[in-house]
Every structure is written in structure tokens, then in C-alpha cells.
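Student: Can you read through this structure? Questions will come right after.
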Amino acid sequence: MTERDYNDCVRNYSDNVYRFILKNLRHEEDTRDVVQTAFEKLWRNRDSVDAEKSKSYLFTVAYNQMIDHLRKVKRIHLKEEFSETARVVDRPANNLKKVLETALQTLSETQRSLVLLKDYEGYSYEEIGTITGLSDSQVKVYLHRARVQLKSYLVSTENVL
């Protein structure tokens, strides 16, 4: 991969990688760190990466960085202090975007990533398998199970109302 190929990769895929990681992490600063690290690894390994496969390589590195980040965050337990004067207001909201985001959060990390890669980013099963390190059949099975779980969540009236 040449320097020009790398720059084209940044230009063409940075928004897609950022969007994919942000949908999973839901935290902009962490997303920027993960994406920056992925591009940094691509730059360091540009001599061994074929320009034709740079997209798959980039998403694979970003996906693995995201998984590492999530594992690290799970080990850190933050303690929140609540005062008795704090009020929690429970009001229903008919916000479809919020309902969908909540539904996605019910999925495991792998399932959520597969749904986002296939249905949101539009990747093929083969590309998703390359990115996640799963076989095509595993991608299809996990994706099917994720969609069934999403469907059962979304058709439940208490979750949508």
C-alpha cells in the first residue's frame, strides 16, 4: 500500500469506520480513540497490506480495537453517588431512534456488530466474516438470532410505548 492508497483509504472509509464504532460504543471520545488507533495500525502495517484489501483490514482492526476497549471498560467499575434530592422522571417517549438504540443494546457485542455491519453499513456476509473473524455460516446464524431477538423486543408493546 502506497501513501496515496493510505490517504484514499482515510478519505473513503473514515466516516464509515467512525459511524460503525460509534453505534457500538455510543461514546464519541472512545470512538475517536479506537478509530485513530485503527488508522495508526494501518499506517504502520501499510507495507504488508494490499490496497485492494485495505477496507477489510481497517474494519477488522477497528472491530478488534473496539472489542479490546469494551473488555477494558467492563473491568472498570464506576461508583456513582446519588443524592436523595435527585429526581427521576419516568415519562414515555415515542422516539423511534431511541427505541431502536435501546433494542440494539439488548444484543450481545457480537450480535450488535453483525447487525450494524450488515443492515446499517451494507456489508456482505463474506466481508463481515473477514472483519469479525467468523465463518460465513456463523455470521448468518448469529445475524438471524440477533434479528429474532430484535423482533421480539420491538413487537413487545411495553418496550415501544
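Every chain in the C-alpha cells takes a letter, A first, then B, and so on in the order presented; its residues are numbered from 1, and the ligands are numbered from 1 following the presented order.
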So which residues touch Asp8 (chain A) within 12 Å, counting only C-alpha atoms, skipping near sequence neighbours fewer than 5 positions away, as a PDB file with N, CA and C atoms, in the first residue's frame?

Tutor:
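around-v7.pdb was written with the following content:
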ATOM      1  N   MET A   1       0.849  -1.166   0.000  1.00  0.00           N
ATOM      2  CA  MET A   1       0.000   0.000   0.000  1.00  0.00           C
ATOM      3  C   MET A   1       0.900   1.236   0.000  1.00  0.00           C
ATOM      4  N   THR A   2       0.626   2.121  -0.917  1.00  0.00           N
ATOM      5  CA  THR A   2       1.398   3.354  -1.003  1.00  0.00           C
ATOM      6  C   THR A   2       0.793   4.414  -0.094  1.00  0.00           C
ATOM      7  N   GLU A   3       1.503   5.518   0.037  1.00  0.00           N
ATOM      8  CA  GLU A   3       0.993   6.627   0.832  1.00  0.00           C
ATOM      9  C   GLU A   3      -0.301   7.168   0.225  1.00  0.00           C
ATOM     10  N   TYR A  13     -13.041   5.711   3.838  1.00  0.00           N
ATOM     11  CA  TYR A  13     -13.605   4.834   4.853  1.00  0.00           C
ATOM     12  C   TYR A  13     -13.660   5.410   6.263  1.00  0.00           C
ATOM     13  N   SER A  14     -13.085   6.563   6.491  1.00  0.00           N
ATOM     14  CA  SER A  14     -13.041   7.084   7.865  1.00  0.00           C
ATOM     15  C   SER A  14     -14.430   7.317   8.444  1.00  0.00           C
ATOM     16  N   ALA A  51      -3.592  -2.856  -1.037  1.00  0.00           N
ATOM     17  CA  ALA A  51      -4.509  -1.721  -1.172  1.00  0.00           C
ATOM     18  C   ALA A  51      -5.933  -2.177  -1.466  1.00  0.00           C
ATOM     19  N   GLU A  52      -6.080  -3.284  -2.180  1.00  0.00           N
ATOM     20  CA  GLU A  52      -7.410  -3.810  -2.509  1.00  0.00           C
ATOM     21  C   GLU A  52      -8.141  -4.320  -1.267  1.00  0.00           C
ATOM     22  N   SER A  54      -7.609  -3.096   1.869  1.00  0.00           N
ATOM     23  CA  SER A  54      -7.423  -2.142   2.958  1.00  0.00           C
ATOM     24  C   SER A  54      -8.707  -1.915   3.748  1.00  0.00           C
ATOM     25  N   LYS A  55      -9.848  -1.943   3.080  1.00  0.00           N
ATOM     26  CA  LYS A  55     -11.127  -1.737   3.766  1.00  0.00           C
ATOM     27  C   LYS A  55     -11.372  -2.852   4.780  1.00  0.00           C
TER      28      LYS A  55
END

Student: What is the distance, in Å and to one decimal place, between CA of Ile67 (chain A) and CA of Glu109 (chain A)?

Tutor: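 CA of Glu109 (chain A) lies at a distance of 8.0 Å from CA of Ile67 (chain A).
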
Student: Can you pull out every residue within 12 Å of Thr102 (chain A), counting only C-alpha atoms, but drop anything in the same chain fewer than 2 positions away, and send it as a PyMOL selection string?

Tutor: chain A and resi 23-24+26+95-100+104-107+112+150+153-154+159-160

Student: So which bits of region 15-160 of chain A end up helix (DSSP H, G or I) when you DSSP the backbone, as JSON, numbers by chain?

Tutor: {"A": [15, 16, 17, 18, 19, 20, 21, 22, 23, 24, 25, 28, 29, 30, 31, 32, 33, 34, 35, 36, 37, 38, 39, 40, 41, 42, 43, 44, 51, 52, 53, 54, 55, 56, 57, 58, 59, 60, 61, 62, 63, 64, 65, 66, 67, 68, 69, 70, 71, 72, 73, 74, 75, 96, 97, 98, 99, 100, 101, 102, 103, 104, 105, 109, 110, 111, 112, 113, 114, 115, 116, 117, 118, 119, 120, 125, 126, 127, 128, 129, 130, 131, 132, 136, 137, 138, 139, 140, 141, 142, 143, 144, 145, 146, 147, 148, 149, 150, 151, 152, 153, 154, 155, 157, 158, 159, 160]}

Student: Kindly indicate which residue among A:Leu143, A:Ala38, A:Leu134, A:Val148 lies nearest to Lys118 (chain A), using only C-alpha atoms for the distances.

Tutor: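 The closest residue to Lys118 (chain A) is A:Leu143.
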
Student: Quick one: residues within 8 Å of Val139 (chain A), only C-alpha atoms, excluding same-chain residues fewer than 2 positions away - as a PyMOL selection string?

Tutor: chain A and resi 114+125+128-129+134-137+141-143

Student: Take the residues from that selection and write them out as an mmCIF file, in the first residue's frame, keeping C-alpha atoms.

Tutor:
data_model
loop_
_atom_site.group_PDB
_atom_site.id
_atom_site.type_symbol
_atom_site.label_atom_id
_atom_site.label_comp_id
_atom_site.auth_asym_id
_atom_site.auth_seq_id
_atom_site.Cartn_x
_atom_site.Cartn_y
_atom_site.Cartn_z
ATOM 1 C CA LEU A 114 -23.137 -8.008 12.934
ATOM 2 C CA TYR A 125 -21.610 -11.944 4.717
ATOM 3 C CA ILE A 128 -18.427 -9.354 7.738
ATOM 4 C CA GLY A 129 -16.766 -12.723 8.250
ATOM 5 C CA LEU A 134 -16.270 -15.582 11.854
ATOM 6 C CA SER A 135 -17.189 -18.039 9.136
ATOM 7 C CA ASP A 136 -19.995 -17.170 6.701
ATOM 8 C CA SER A 137 -22.316 -19.684 8.340
ATOM 9 C CA VAL A 141 -26.650 -17.824 12.271
ATOM 10 C CA TYR A 142 -25.642 -15.047 14.687
ATOM 11 C CA LEU A 143 -27.297 -12.437 12.491
#

Student: With distances taken over only C-alpha atoms, which of A:Glu158, A:Asn7, A:Ala62, A:Ser56 is nearest to Thr31 (chain A)?

Tutor: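 Closest to Thr31 (chain A) of all the choices is A:Ala62.
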
Student: When distances are computed from only C-alpha atoms, which of A:Ala146, A:Ser108, A:Asn12, A:Lys53 shows the smallest separation from Ile131 (chain A)?

Tutor: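 Under the stated criterion, the closest residue is A:Lys53.
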
Student: I'd like the contact shell of Glu40 (chain A) - 12 Å cut-off, only C-alpha atoms, skipping same-chain residues fewer than 3 positions apart - returned as a PyMOL selection string.

Tutor: chain A and resi 6+10+32-37+43-46+58+61-62+65

Student: For those residues, write N, CA and C atoms to a file as a CSV table (one decimal), in the first residue's frame.

Tutor:
chain,number,residue,atom,x,y,z
A,6,TYR,N,-3.1,4.9,1.2
A,6,TYR,CA,-3.5,5.1,2.5
A,6,TYR,C,-4.4,6.3,2.7
A,10,VAL,N,-8.2,6.6,4.0
A,10,VAL,CA,-8.7,7.5,5.0
A,10,VAL,C,-9.9,8.3,4.5
A,32,ARG,N,-13.4,8.0,18.8
A,32,ARG,CA,-12.2,8.6,18.2
A,32,ARG,C,-10.9,7.9,18.5
A,33,ASP,N,-10.8,7.5,19.7
A,33,ASP,CA,-9.5,6.8,20.1
A,33,ASP,C,-9.4,5.5,19.3
A,34,VAL,N,-10.5,4.7,19.3
A,34,VAL,CA,-10.5,3.4,18.6
A,34,VAL,C,-10.2,3.6,17.1
A,35,VAL,N,-10.9,4.6,16.5
A,35,VAL,CA,-10.7,4.8,15.0
A,35,VAL,C,-9.3,5.3,14.8
A,36,GLN,N,-8.8,6.2,15.6
A,36,GLN,CA,-7.4,6.7,15.4
A,36,GLN,C,-6.4,5.5,15.5
A,37,THR,N,-6.6,4.7,16.5
A,37,THR,CA,-5.7,3.5,16.7
A,37,THR,C,-5.7,2.6,15.4
A,43,TRP,N,-1.4,2.4,9.1
A,43,TRP,CA,-0.3,3.2,8.6
A,43,TRP,C,1.0,2.4,8.9
A,44,ARG,N,1.1,1.9,10.1
A,44,ARG,CA,2.3,1.1,10.5
A,44,ARG,C,2.5,-0.1,9.7
A,45,ASN,N,1.4,-0.7,9.3
A,45,ASN,CA,1.5,-2.0,8.5
A,45,ASN,C,1.2,-1.8,7.0
A,46,ARG,N,1.3,-0.6,6.5
A,46,ARG,CA,0.9,-0.3,5.1
A,46,ARG,C,1.7,-1.1,4.1
A,58,LEU,N,-8.9,-2.6,7.6
A,58,LEU,CA,-9.2,-1.4,8.5
A,58,LEU,C,-10.4,-1.8,9.4
A,61,VAL,N,-9.3,-4.4,12.1
A,61,VAL,CA,-8.5,-3.8,13.2
A,61,VAL,C,-9.4,-2.9,14.1
A,62,ALA,N,-10.3,-2.1,13.5
A,62,ALA,CA,-11.2,-1.3,14.3
A,62,ALA,C,-12.1,-2.1,15.1
A,65,GLN,N,-10.1,-3.5,18.0
A,65,GLN,CA,-9.8,-2.5,18.9
A,65,GLN,C,-11.0,-2.2,19.8

Student: What's the separation between CA of Val17 (chain A) and CA of His69 (chain A), in Å to one decimal place?

Tutor: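 Separation of CA of Val17 (chain A) and CA of His69 (chain A): 15.3 Å.
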
Student: Interatomic distance between CA of Ser48 (chain A) and CA of Asp5 (chain A)?

Tutor: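 It comes out at 12.7 Å.
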
Student: Which residue out of A:Thr110, A:Thr130, A:Gln149, A:Gln138 has the minimum interatomic distance to Tyr57 (chain A) when only C-alpha atoms are used?

Tutor: A:Thr130

Student: Which is closest to Ala103 (chain A) among A:Val73, A:Val155, A:Leu42, A:Cys9, if we use only C-alpha atoms?

Tutor: A:Val155
